[in-house]
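The data block below is target_21.cif; it holds mmCIF, C-alpha atoms.
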data_coords
loop_
_atom_site.label_atom_id
_atom_site.label_comp_id
_atom_site.auth_asym_id
_atom_site.auth_seq_id
_atom_site.Cartn_x
_atom_site.Cartn_y
_atom_site.Cartn_z
CA MET Y 11 41.72 -36.64 -45.70
CA ALA Y 12 43.44 -35.92 -42.40
CA ARG Y 13 47.17 -36.56 -42.27
CA ARG Y 14 48.67 -38.88 -39.71
CA GLY Y 15 49.66 -37.11 -36.54
CA GLU Y 16 47.26 -34.21 -37.08
CA LYS Y 17 44.73 -33.86 -34.38
CA LYS Y 18 41.23 -33.70 -35.64
CA ARG Y 19 40.01 -30.20 -34.80
CA ARG Y 20 36.63 -30.10 -33.32
CA GLU Y 21 34.70 -26.92 -33.22
CA GLY Y 22 32.85 -26.36 -29.99
CA GLY Y 23 29.69 -24.32 -30.03
CA ILE Y 24 27.29 -23.10 -27.42
CA PRO Y 25 23.86 -24.50 -28.17
CA THR Y 26 21.48 -21.57 -28.27
CA ASP Y 27 18.37 -23.40 -29.37
CA SER Y 28 16.85 -23.44 -25.90
CA PHE Y 29 17.57 -19.79 -25.03
CA SER Y 30 14.06 -18.73 -25.87
CA ASP Y 31 12.64 -21.49 -23.67
CA ILE Y 32 14.83 -20.33 -20.77
CA ALA Y 33 13.78 -16.72 -21.29
CA PHE Y 34 10.07 -17.52 -21.33
CA LEU Y 35 10.44 -19.67 -18.24
CA LEU Y 36 12.11 -16.72 -16.49
CA ILE Y 37 9.24 -14.45 -17.48
CA ILE Y 38 6.68 -16.90 -16.17
CA TYR Y 39 8.63 -17.28 -12.93
CA PHE Y 40 8.76 -13.54 -12.30
CA LEU Y 41 5.08 -13.11 -13.15
CA VAL Y 42 4.09 -15.86 -10.74
CA ALA Y 43 6.47 -14.84 -7.96
CA THR Y 44 5.53 -11.16 -8.00
CA THR Y 45 3.59 -10.21 -4.92
CA LEU Y 46 0.90 -7.67 -5.51
CA VAL Y 47 0.63 -5.98 -2.16
CA ARG Y 48 -2.55 -4.02 -1.57
CA LEU Y 49 -2.49 -2.25 1.74
CA GLN Y 50 -5.65 -1.80 3.75
CA ALA Y 51 -6.15 1.40 5.65
CA ILE Y 52 -8.67 3.83 7.04
CA THR Y 53 -8.69 7.25 5.46
CA THR Y 54 -9.53 10.19 7.63
CA GLU Y 55 -9.21 13.92 7.37
CA MET Y 56 -7.90 15.77 10.38
CA PRO Y 57 -8.20 19.54 10.43
CA SER Y 58 -5.07 21.45 11.38
CA GLY Y 59 -4.82 23.22 14.74
CA ASP Y 60 -6.59 26.48 13.83
CA LYS Y 61 -9.40 24.88 11.88
CA SER Y 62 -9.87 22.31 14.62
CA ALA Y 63 -10.35 25.02 17.27
CA GLN Y 64 -12.86 26.86 15.09
CA ALA Y 65 -14.94 23.75 14.45
CA GLN Y 66 -15.30 22.82 18.10
CA SER Y 67 -18.27 23.92 20.13
CA GLU Y 68 -20.14 22.75 23.20
CA LYS Y 69 -22.23 20.44 21.06
CA THR Y 70 -19.29 18.76 19.36
CA PRO Y 71 -19.32 15.07 20.25
CA ILE Y 72 -16.21 13.85 22.03
CA VAL Y 73 -14.67 10.40 22.31
CA ASN Y 74 -12.36 9.83 25.30
CA LEU Y 75 -9.94 6.98 25.68
CA ARG Y 76 -8.74 6.57 29.23
CA GLY Y 77 -7.88 3.73 31.52
CA GLY Y 78 -8.51 1.13 28.83
CA GLU Y 79 -12.11 2.30 28.49
CA VAL Y 80 -13.96 4.27 25.87
CA PHE Y 81 -16.25 7.18 26.70
CA PHE Y 82 -18.63 8.95 24.35
CA ASN Y 83 -19.75 12.33 25.65
CA ASP Y 84 -18.57 11.20 29.11
CA ALA Y 85 -20.68 8.03 29.02
CA PRO Y 86 -18.79 4.69 29.09
CA VAL Y 87 -19.41 2.63 25.94
CA THR Y 88 -17.98 -0.34 24.10
CA PHE Y 89 -16.67 0.00 20.56
CA PRO Y 90 -19.81 -1.54 18.99
CA ALA Y 91 -21.93 0.86 21.04
CA LEU Y 92 -19.69 3.74 19.96
CA GLU Y 93 -20.32 2.76 16.34
CA GLU Y 94 -24.09 2.84 16.98
CA ARG Y 95 -23.92 6.24 18.71
CA LEU Y 96 -21.88 7.73 15.87
CA ALA Y 97 -24.16 6.21 13.24
CA ALA Y 98 -27.14 7.77 15.01
CA LEU Y 99 -25.59 11.24 14.56
CA ASP Y 100 -25.89 10.83 10.77
CA LEU Y 101 -22.67 12.77 10.22
CA PRO Y 102 -22.50 12.33 6.42
CA ALA Y 103 -25.72 14.34 6.06
CA ARG Y 104 -24.21 17.35 7.86
CA VAL Y 105 -22.13 20.16 6.47
CA PRO Y 106 -18.39 19.53 6.81
CA GLU Y 107 -18.04 22.01 9.68
CA LYS Y 108 -20.60 20.08 11.75
CA ARG Y 109 -19.04 16.67 11.19
CA VAL Y 110 -16.19 17.19 13.63
CA VAL Y 111 -15.80 14.60 16.39
CA MET Y 112 -13.18 15.30 19.05
CA LEU Y 113 -10.85 12.49 20.05
CA GLU Y 114 -9.07 12.72 23.39
CA SER Y 115 -6.84 10.06 24.85
CA ALA Y 116 -5.05 9.60 28.14
CA THR Y 117 -1.33 9.13 28.52
CA GLY Y 118 -0.30 5.60 27.72
CA THR Y 119 -3.19 4.82 25.37
CA PRO Y 120 -1.98 2.13 22.94
CA TYR Y 121 -2.25 2.75 19.21
CA ASP Y 122 -4.46 -0.32 18.79
CA THR Y 123 -7.26 1.27 20.83
CA TYR Y 124 -6.69 4.67 19.22
CA PHE Y 125 -6.89 3.10 15.76
CA GLN Y 126 -10.25 1.53 16.50
CA ALA Y 127 -11.61 4.87 17.69
CA LEU Y 128 -10.24 6.57 14.54
CA ALA Y 129 -11.84 3.86 12.40
CA ALA Y 130 -15.20 4.23 14.16
CA ILE Y 131 -15.26 8.01 13.71
CA SER Y 132 -14.07 8.09 10.10
CA GLY Y 133 -16.19 5.10 9.13
CA ASN Y 134 -19.30 6.96 10.24
CA GLY Y 135 -18.43 10.05 8.24
CA GLY Y 136 -16.83 12.07 11.01
CA VAL Y 137 -13.84 14.38 10.80
CA VAL Y 138 -11.38 13.69 13.61
CA ALA Y 139 -10.14 16.59 15.74
CA LEU Y 140 -7.31 15.63 18.07
CA VAL Y 141 -7.63 17.11 21.53
CA ASP Y 142 -4.85 17.45 24.08
CA GLU Y 143 -5.61 15.82 27.38
CA GLU Y 144 -6.67 18.23 30.07
CA LYS Y 145 -4.16 18.27 32.88
CA MET W 14 2.11 -42.68 -69.22
CA GLY W 15 -0.46 -43.40 -66.54
CA ARG W 16 2.17 -42.94 -63.86
CA THR W 17 3.06 -39.41 -64.94
CA ARG W 18 -0.63 -38.42 -64.97
CA SER W 19 -1.15 -39.56 -61.35
CA HIS W 20 2.03 -37.78 -60.33
CA ALA W 21 0.83 -34.60 -61.97
CA ARG W 22 -2.51 -34.78 -60.19
CA ARG W 23 -0.88 -34.92 -56.74
CA LYS W 24 -0.25 -31.43 -55.47
CA LYS W 25 3.21 -30.83 -54.32
CA ARG W 26 3.00 -30.40 -50.54
CA ARG W 27 5.23 -27.77 -49.16
CA THR W 28 6.07 -27.47 -45.52
CA VAL W 29 6.23 -23.88 -44.22
CA PRO W 30 8.65 -23.56 -41.36
CA VAL W 31 7.98 -21.04 -38.57
CA PRO W 32 11.06 -18.87 -38.09
CA THR W 33 12.04 -19.20 -34.44
CA ALA W 34 15.49 -17.72 -34.59
CA SER W 35 14.43 -14.41 -33.07
CA MET W 36 12.22 -15.82 -30.29
CA GLY W 37 15.07 -15.58 -27.81
CA ASP W 38 15.49 -11.87 -28.61
CA ILE W 39 11.75 -11.29 -28.19
CA ALA W 40 11.74 -13.07 -24.84
CA PHE W 41 14.65 -11.10 -23.44
CA LEU W 42 13.14 -7.84 -24.66
CA LEU W 43 9.95 -8.74 -22.79
CA ILE W 44 11.94 -9.41 -19.62
CA ILE W 45 13.67 -6.05 -19.92
CA PHE W 46 10.30 -4.38 -20.50
CA PHE W 47 8.79 -5.86 -17.34
CA LEU W 48 11.88 -5.03 -15.30
CA VAL W 49 11.86 -1.41 -16.43
CA CYS W 50 8.12 -0.90 -16.01
CA SER W 51 7.76 -2.49 -12.61
CA GLU W 52 7.92 -0.08 -9.72
CA ALA W 53 10.25 -0.86 -6.88
CA SER W 54 8.51 -0.92 -3.55
CA GLN W 55 9.19 2.15 -1.47
CA ASP W 56 8.05 0.50 1.71
CA ALA W 57 10.96 -0.42 3.91
CA SER W 58 10.43 -4.08 4.60
CA ASP W 59 12.82 -4.18 7.54
CA ILE W 60 10.61 -1.98 9.76
CA GLN W 61 8.92 -4.39 12.14
CA VAL W 62 5.36 -3.27 12.72
CA THR W 63 2.44 -5.16 14.18
CA LEU W 64 -0.55 -3.48 12.59
CA PRO W 65 -3.79 -2.86 14.50
CA ALA W 66 -7.01 -4.48 13.32
CA SER W 67 -10.39 -3.04 12.48
CA GLU W 68 -13.43 -3.99 10.47
CA ARG W 69 -13.43 -0.56 8.84
CA VAL W 70 -10.21 -0.90 6.84
CA GLU W 71 -10.49 -0.76 3.07
CA LYS W 72 -8.04 -1.30 0.24
CA VAL W 73 -5.97 1.75 -0.52
CA LYS W 74 -6.84 3.37 -3.82
CA ALA W 75 -4.92 6.62 -4.01
CA PRO W 76 -1.10 6.53 -4.11
CA ALA W 77 0.59 7.92 -1.03
CA ALA W 78 2.51 11.18 -1.26
CA ALA W 79 4.58 10.23 1.78
CA ARG W 80 5.06 7.17 3.97
CA ILE W 81 5.53 7.43 7.72
CA ALA W 82 6.15 4.49 10.00
CA ILE W 83 6.69 4.01 13.73
CA ASP W 84 8.19 0.72 14.84
CA LYS W 85 7.66 -1.03 18.17
CA GLU W 86 10.61 0.81 19.71
CA GLY W 87 9.01 4.15 18.88
CA THR W 88 11.45 5.08 16.13
CA ILE W 89 9.87 7.32 13.50
CA TYR W 90 10.63 6.78 9.82
CA PHE W 91 9.81 9.16 6.99
CA ASN W 92 9.90 7.53 3.55
CA GLY W 93 12.14 4.81 4.93
CA GLY W 94 14.62 7.20 6.54
CA ARG W 95 14.83 7.65 10.27
CA VAL W 96 13.80 11.03 11.69
CA ASP W 97 14.22 12.34 15.22
CA SER W 98 11.02 14.26 15.86
CA ALA W 99 7.49 14.89 14.69
CA LYS W 100 8.57 18.36 13.56
CA GLU W 101 10.72 16.80 10.85
CA VAL W 102 7.68 14.79 9.78
CA GLU W 103 5.63 17.98 9.47
CA THR W 104 8.34 19.66 7.42
CA GLY W 105 8.70 16.63 5.20
CA VAL W 106 4.95 16.39 4.62
CA GLN W 107 4.75 20.10 3.77
CA ILE W 108 7.55 19.74 1.23
CA ARG W 109 5.99 16.66 -0.30
CA LEU W 110 2.55 18.23 -0.57
CA ALA W 111 3.72 21.56 -1.94
CA GLY W 112 2.17 22.05 -5.34
CA THR W 113 -0.47 19.35 -5.00
CA VAL W 114 -3.83 20.18 -6.51
CA THR W 115 -6.33 17.41 -5.81
CA GLU W 116 -7.18 15.62 -2.58
CA ASP W 117 -5.97 12.31 -4.01
CA GLN W 118 -2.44 13.75 -4.10
CA ARG W 119 -2.44 14.57 -0.37
CA HIS W 120 -2.73 11.08 1.08
CA VAL W 121 -0.05 10.30 3.66
CA GLN W 122 0.38 6.66 4.62
CA PHE W 123 0.88 6.04 8.34
CA ARG W 124 1.97 2.67 9.73
CA CYS W 125 2.39 2.32 13.46
CA ASP W 126 2.94 -0.63 15.75
CA ALA W 127 -0.17 -1.48 17.75
CA GLY W 128 1.66 -1.28 21.08
CA VAL W 129 3.12 2.21 20.66
CA THR W 130 1.68 4.69 23.16
CA LYS W 131 -0.01 8.01 22.58
CA GLU W 132 3.00 10.13 23.57
CA ILE W 133 4.86 8.85 20.50
CA PHE W 134 2.26 8.57 17.75
CA GLU W 135 -0.08 11.48 18.51
CA PRO W 136 2.51 14.21 17.78
CA VAL W 137 3.17 12.49 14.45
CA LEU W 138 -0.56 12.46 13.63
CA LYS W 139 -0.75 16.15 14.49
CA ALA W 140 2.28 16.79 12.31
CA ILE W 141 0.55 15.11 9.37
CA ALA W 142 -2.55 17.26 9.96
CA GLU W 143 -0.48 20.43 10.26
CA GLY W 144 1.36 19.54 7.07
CA GLY W 145 -1.93 19.36 5.20
CA GLY W 146 -2.00 15.63 4.65
CA ILE W 147 -4.96 13.29 4.59
CA LEU W 148 -4.22 10.45 6.97
CA GLU W 149 -4.21 6.89 5.69
CA ALA W 150 -3.77 4.76 8.80
CA VAL W 151 -2.75 1.27 7.71
CA GLY W 152 -4.25 -1.69 9.50
CA THR W 153 -5.42 -5.22 9.01
CA LYS W 154 -8.92 -6.51 8.48
CA LYS W 155 -10.62 -7.79 11.59
CA GLU W 156 -13.09 -10.55 10.89
CA SER W 157 -16.52 -9.44 12.04
CA THR W 158 -17.97 -11.53 14.83
CA PRO W 159 -21.33 -13.11 13.96
#
Here is a file; write its structure as structure tokens.
Amino acid sequence: MARRGEKKRREGGIPTDSFSDIAFLLIIYFLVATTLVRLQAITTEMPSGDKSAQAQSEKTPIVNLRGGEVFFNDAPVTFPALEERLAALDLPARVPEKRVVMLESATGTPYDTYFQALAAISGNGGVVALVDEEK
Amino acid sequence: MGRTRSHARRKKRRTVPVPTASMGDIAFLLIIFFLVCSEASQDASDIQVTLPASERVEKVKAPAAARIAIDKEGTIYFNGGRVDSAKEVETGVQIRLAGTVTEDQRHVQFRCDAGVTKEIFEPVLKAIAEGGGILEAVGTKKESTP
């Protein structure tokens, strides 16, 4: 029995019953909020300088990008037409040395146009050889 | 007498409690497991790049050995760090690819802003080729026109 004047001591405690609920909610939150980023890209092999020079010949097809236009073997084409011309070459059936397609671009060519040309060549089984613009 | 017999026939029902005292420990261990196992993204999210579009892009399968980015100002980044020239890119790619055996280990991710001109990105592409990397040019999917 408590004496008069004595304060009744109360014991404070941290309630831990809901800790597991909090932890599982955190897990669910992180699982839901995680962003699974899957990048999309075109994959293309480009031979290095020496190999590129060896693979080129007079018959090697060439894609030119100049003045906002696309040329395939010096003939003006659109990108869909370029795809058709490259598909007609049946590059995947050739030996790797014969699958080279030269890509030449003029000064100031934006990467957007260049990317589409890269995609067209690599998508049709070609190996891209970068060519310096003739001055 | 009859009462004790009916009492004896009733089976004593026992309640079995599920011990939940350690569920908090299990949950926090799971959190720590997921935190340790998850891989921090190596892509620098503060590099502003407008990616070009093409119908030919496909989801990347092989992990990249190196990541190169060019922002709209023409600044070149190698694995998130700024570099001054394409020559540094070539050196970095050669170092990264030293000792690689299979083709899947030689993929080099390349992100470039769509408006960057040839004078800036083409030397970088040549540097990747000279370093022995297989180019993975990142883009977005263009919806095919019917």
Report as an mmCIF file with C-alpha atoms, in the frame of the given file the set of chain W residues whose atoms approach chain Y to within 6 Å, with distances computed over all atoms listed in the file.
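Saved as result_33.cif:
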data_model
loop_
_atom_site.group_PDB
_atom_site.id
_atom_site.type_symbol
_atom_site.label_atom_id
_atom_site.label_comp_id
_atom_site.auth_asym_id
_atom_site.auth_seq_id
_atom_site.Cartn_x
_atom_site.Cartn_y
_atom_site.Cartn_z
ATOM 1 C CA MET W 36 12.220 -15.820 -30.290
ATOM 2 C CA GLY W 37 15.070 -15.580 -27.810
ATOM 3 C CA ALA W 40 11.740 -13.070 -24.840
ATOM 4 C CA PRO W 65 -3.790 -2.860 14.500
ATOM 5 C CA ARG W 69 -13.430 -0.560 8.840
ATOM 6 C CA VAL W 70 -10.210 -0.900 6.840
ATOM 7 C CA GLU W 71 -10.490 -0.760 3.070
ATOM 8 C CA LYS W 72 -8.040 -1.300 0.240
ATOM 9 C CA VAL W 73 -5.970 1.750 -0.520
ATOM 10 C CA ALA W 127 -0.170 -1.480 17.750
ATOM 11 C CA GLY W 128 1.660 -1.280 21.080
ATOM 12 C CA VAL W 129 3.120 2.210 20.660
ATOM 13 C CA THR W 130 1.680 4.690 23.160
ATOM 14 C CA LYS W 131 -0.010 8.010 22.580
ATOM 15 C CA ALA W 142 -2.550 17.260 9.960
ATOM 16 C CA GLU W 143 -0.480 20.430 10.260
ATOM 17 C CA ILE W 147 -4.960 13.290 4.590
ATOM 18 C CA LEU W 148 -4.220 10.450 6.970
ATOM 19 C CA GLU W 149 -4.210 6.890 5.690
ATOM 20 C CA ALA W 150 -3.770 4.760 8.800
ATOM 21 C CA VAL W 151 -2.750 1.270 7.710
ATOM 22 C CA GLY W 152 -4.250 -1.690 9.500
#
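This file, queried with the PyMOL selection byres ((chain Y and resi 85) around 12), gives the residues Y:Pro71, Y:Ile72, Y:Val73, Y:Asn74, Y:Leu75, Y:Glu79, Y:Val80, Y:Phe81, Y:Phe82, Y:Asn83, Y:Asp84, Y:Pro86, Y:Val87, Y:Thr88, Y:Ala91, Y:Leu92, Y:Arg95.
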Name the residues that the PyMOL selection byres ((chain W and resi 77) around 9) picks from the file above, as a PDB file with C-alpha atoms, keeping the file's coordinate frame, using the file's chain letters and numbers.
ATOM      1  CA  ALA W  75      -4.920   6.620  -4.010  1.00  0.00           C
ATOM      2  CA  PRO W  76      -1.100   6.530  -4.110  1.00  0.00           C
ATOM      3  CA  ALA W  78       2.510  11.180  -1.260  1.00  0.00           C
ATOM      4  CA  ALA W  79       4.580  10.230   1.780  1.00  0.00           C
ATOM      5  CA  ARG W  80       5.060   7.170   3.970  1.00  0.00           C
ATOM      6  CA  ASP W 117      -5.970  12.310  -4.010  1.00  0.00           C
ATOM      7  CA  GLN W 118      -2.440  13.750  -4.100  1.00  0.00           C
ATOM      8  CA  ARG W 119      -2.440  14.570  -0.370  1.00  0.00           C
ATOM      9  CA  HIS W 120      -2.730  11.080   1.080  1.00  0.00           C
ATOM     10  CA  VAL W 121      -0.050  10.300   3.660  1.00  0.00           C
ATOM     11  CA  GLN W 122       0.380   6.660   4.620  1.00  0.00           C
ATOM     12  CA  GLU W 149      -4.210   6.890   5.690  1.00  0.00           C
TER      13      GLU W 149
END
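What the PyMOL selection byres ((chain W and resi 106) around 9) matches in the given file is Ala78, Ala79, Glu101, Val102, Glu103, Thr104, Gly105, Gln107, Ile108, Arg109, Leu110, Ala111, Val121, Ala140, Ile141, Glu143, Gly144, Gly145 and Gly146 of chain W.
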Please indicate the distance in Å from atom CA of W:Gly87 to atom CA of Y:Gly77, rounded to one decimal place. 21.1 Å
Regenerate stretch 17-28 of chain Y at the level of all heavy atoms and dump it as a PDB file, in the frame of the given file.
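As written to disk, rebuild03.pdb reads:
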ATOM      1  N   LYS Y  17      45.898 -33.661 -35.227  1.00  0.00           N
ATOM      2  CA  LYS Y  17      44.730 -33.860 -34.380  1.00  0.00           C
ATOM      3  C   LYS Y  17      43.492 -33.349 -35.112  1.00  0.00           C
ATOM      4  O   LYS Y  17      43.536 -32.325 -35.785  1.00  0.00           O
ATOM      5  CB  LYS Y  17      44.895 -33.096 -33.066  1.00  0.00           C
ATOM      6  CG  LYS Y  17      45.865 -33.764 -32.119  1.00  0.00           C
ATOM      7  CD  LYS Y  17      45.830 -33.091 -30.759  1.00  0.00           C
ATOM      8  CE  LYS Y  17      46.793 -33.790 -29.829  1.00  0.00           C
ATOM      9  NZ  LYS Y  17      46.886 -33.111 -28.543  1.00  0.00           N
ATOM     10  N   LYS Y  18      42.463 -34.078 -34.991  1.00  0.00           N
ATOM     11  CA  LYS Y  18      41.230 -33.700 -35.640  1.00  0.00           C
ATOM     12  C   LYS Y  18      40.631 -32.528 -34.845  1.00  0.00           C
ATOM     13  O   LYS Y  18      40.360 -32.634 -33.654  1.00  0.00           O
ATOM     14  CB  LYS Y  18      40.276 -34.885 -35.626  1.00  0.00           C
ATOM     15  CG  LYS Y  18      39.062 -34.715 -36.526  1.00  0.00           C
ATOM     16  CD  LYS Y  18      38.245 -35.979 -36.500  1.00  0.00           C
ATOM     17  CE  LYS Y  18      37.031 -35.844 -37.362  1.00  0.00           C
ATOM     18  NZ  LYS Y  18      36.207 -37.056 -37.315  1.00  0.00           N
ATOM     19  N   ARG Y  19      40.519 -31.389 -35.496  1.00  0.00           N
ATOM     20  CA  ARG Y  19      40.010 -30.200 -34.800  1.00  0.00           C
ATOM     21  C   ARG Y  19      38.503 -30.265 -34.710  1.00  0.00           C
ATOM     22  O   ARG Y  19      37.818 -30.472 -35.704  1.00  0.00           O
ATOM     23  CB  ARG Y  19      40.425 -28.938 -35.533  1.00  0.00           C
ATOM     24  CG  ARG Y  19      41.917 -28.661 -35.443  1.00  0.00           C
ATOM     25  CD  ARG Y  19      42.234 -27.303 -35.949  1.00  0.00           C
ATOM     26  NE  ARG Y  19      41.744 -26.271 -35.056  1.00  0.00           N
ATOM     27  CZ  ARG Y  19      41.843 -24.985 -35.329  1.00  0.00           C
ATOM     28  NH1 ARG Y  19      42.355 -24.578 -36.462  1.00  0.00           N
ATOM     29  NH2 ARG Y  19      41.398 -24.092 -34.485  1.00  0.00           N
ATOM     30  N   ARG Y  20      38.072 -30.115 -33.509  1.00  0.00           N
ATOM     31  CA  ARG Y  20      36.630 -30.100 -33.320  1.00  0.00           C
ATOM     32  C   ARG Y  20      36.194 -28.693 -32.955  1.00  0.00           C
ATOM     33  O   ARG Y  20      36.846 -28.021 -32.173  1.00  0.00           O
ATOM     34  CB  ARG Y  20      36.220 -31.033 -32.193  1.00  0.00           C
ATOM     35  CG  ARG Y  20      36.464 -32.485 -32.505  1.00  0.00           C
ATOM     36  CD  ARG Y  20      35.994 -33.339 -31.357  1.00  0.00           C
ATOM     37  NE  ARG Y  20      36.254 -34.745 -31.606  1.00  0.00           N
ATOM     38  CZ  ARG Y  20      35.932 -35.710 -30.771  1.00  0.00           C
ATOM     39  NH1 ARG Y  20      35.374 -35.412 -29.612  1.00  0.00           N
ATOM     40  NH2 ARG Y  20      36.201 -36.957 -31.072  1.00  0.00           N
ATOM     41  N   GLU Y  21      35.185 -28.262 -33.540  1.00  0.00           N
ATOM     42  CA  GLU Y  21      34.700 -26.920 -33.220  1.00  0.00           C
ATOM     43  C   GLU Y  21      33.610 -27.039 -32.164  1.00  0.00           C
ATOM     44  O   GLU Y  21      32.623 -27.741 -32.353  1.00  0.00           O
ATOM     45  CB  GLU Y  21      34.140 -26.248 -34.474  1.00  0.00           C
ATOM     46  CG  GLU Y  21      35.228 -25.927 -35.477  1.00  0.00           C
ATOM     47  CD  GLU Y  21      34.667 -25.195 -36.682  1.00  0.00           C
ATOM     48  OE1 GLU Y  21      33.463 -24.922 -36.682  1.00  0.00           O
ATOM     49  OE2 GLU Y  21      35.435 -24.923 -37.604  1.00  0.00           O
ATOM     50  N   GLY Y  22      33.861 -26.352 -31.044  1.00  0.00           N
ATOM     51  CA  GLY Y  22      32.850 -26.360 -29.990  1.00  0.00           C
ATOM     52  C   GLY Y  22      31.913 -25.183 -30.154  1.00  0.00           C
ATOM     53  O   GLY Y  22      32.339 -24.084 -30.488  1.00  0.00           O
ATOM     54  N   GLY Y  23      30.657 -25.420 -29.914  1.00  0.00           N
ATOM     55  CA  GLY Y  23      29.690 -24.320 -30.030  1.00  0.00           C
ATOM     56  C   GLY Y  23      28.724 -24.356 -28.864  1.00  0.00           C
ATOM     57  O   GLY Y  23      28.461 -25.396 -28.284  1.00  0.00           O
ATOM     58  N   ILE Y  24      28.280 -23.182 -28.505  1.00  0.00           N
ATOM     59  CA  ILE Y  24      27.290 -23.100 -27.420  1.00  0.00           C
ATOM     60  C   ILE Y  24      25.914 -23.302 -28.049  1.00  0.00           C
ATOM     61  O   ILE Y  24      25.520 -22.546 -28.933  1.00  0.00           O
ATOM     62  CB  ILE Y  24      27.346 -21.737 -26.717  1.00  0.00           C
ATOM     63  CG1 ILE Y  24      28.729 -21.526 -26.101  1.00  0.00           C
ATOM     64  CG2 ILE Y  24      26.262 -21.630 -25.646  1.00  0.00           C
ATOM     65  CD1 ILE Y  24      28.936 -20.133 -25.547  1.00  0.00           C
ATOM     66  N   PRO Y  25      25.203 -24.296 -27.584  1.00  0.00           N
ATOM     67  CA  PRO Y  25      23.860 -24.500 -28.170  1.00  0.00           C
ATOM     68  C   PRO Y  25      22.891 -23.427 -27.710  1.00  0.00           C
ATOM     69  O   PRO Y  25      22.689 -23.241 -26.512  1.00  0.00           O
ATOM     70  CB  PRO Y  25      23.458 -25.886 -27.634  1.00  0.00           C
ATOM     71  CG  PRO Y  25      24.278 -26.090 -26.419  1.00  0.00           C
ATOM     72  CD  PRO Y  25      25.529 -25.308 -26.569  1.00  0.00           C
ATOM     73  N   THR Y  26      22.366 -22.686 -28.612  1.00  0.00           N
ATOM     74  CA  THR Y  26      21.480 -21.570 -28.270  1.00  0.00           C
ATOM     75  C   THR Y  26      20.019 -21.869 -28.609  1.00  0.00           C
ATOM     76  O   THR Y  26      19.176 -20.982 -28.552  1.00  0.00           O
ATOM     77  CB  THR Y  26      21.918 -20.296 -29.015  1.00  0.00           C
ATOM     78  OG1 THR Y  26      21.905 -20.565 -30.432  1.00  0.00           O
ATOM     79  CG2 THR Y  26      23.307 -19.867 -28.592  1.00  0.00           C
ATOM     80  N   ASP Y  27      19.742 -23.085 -28.945  1.00  0.00           N
ATOM     81  CA  ASP Y  27      18.370 -23.400 -29.370  1.00  0.00           C
ATOM     82  C   ASP Y  27      17.364 -23.216 -28.248  1.00  0.00           C
ATOM     83  O   ASP Y  27      16.217 -22.843 -28.477  1.00  0.00           O
ATOM     84  CB  ASP Y  27      18.314 -24.856 -29.872  1.00  0.00           C
ATOM     85  CG  ASP Y  27      19.173 -25.058 -31.112  1.00  0.00           C
ATOM     86  OD1 ASP Y  27      19.448 -24.047 -31.794  1.00  0.00           O
ATOM     87  OD2 ASP Y  27      19.560 -26.211 -31.377  1.00  0.00           O
ATOM     88  N   SER Y  28      17.797 -23.484 -27.011  1.00  0.00           N
ATOM     89  CA  SER Y  28      16.850 -23.440 -25.900  1.00  0.00           C
ATOM     90  C   SER Y  28      16.856 -22.100 -25.167  1.00  0.00           C
ATOM     91  O   SER Y  28      16.223 -21.970 -24.123  1.00  0.00           O
ATOM     92  CB  SER Y  28      17.172 -24.566 -24.912  1.00  0.00           C
ATOM     93  OG  SER Y  28      18.492 -24.442 -24.456  1.00  0.00           O
TER      94      SER Y  28
END
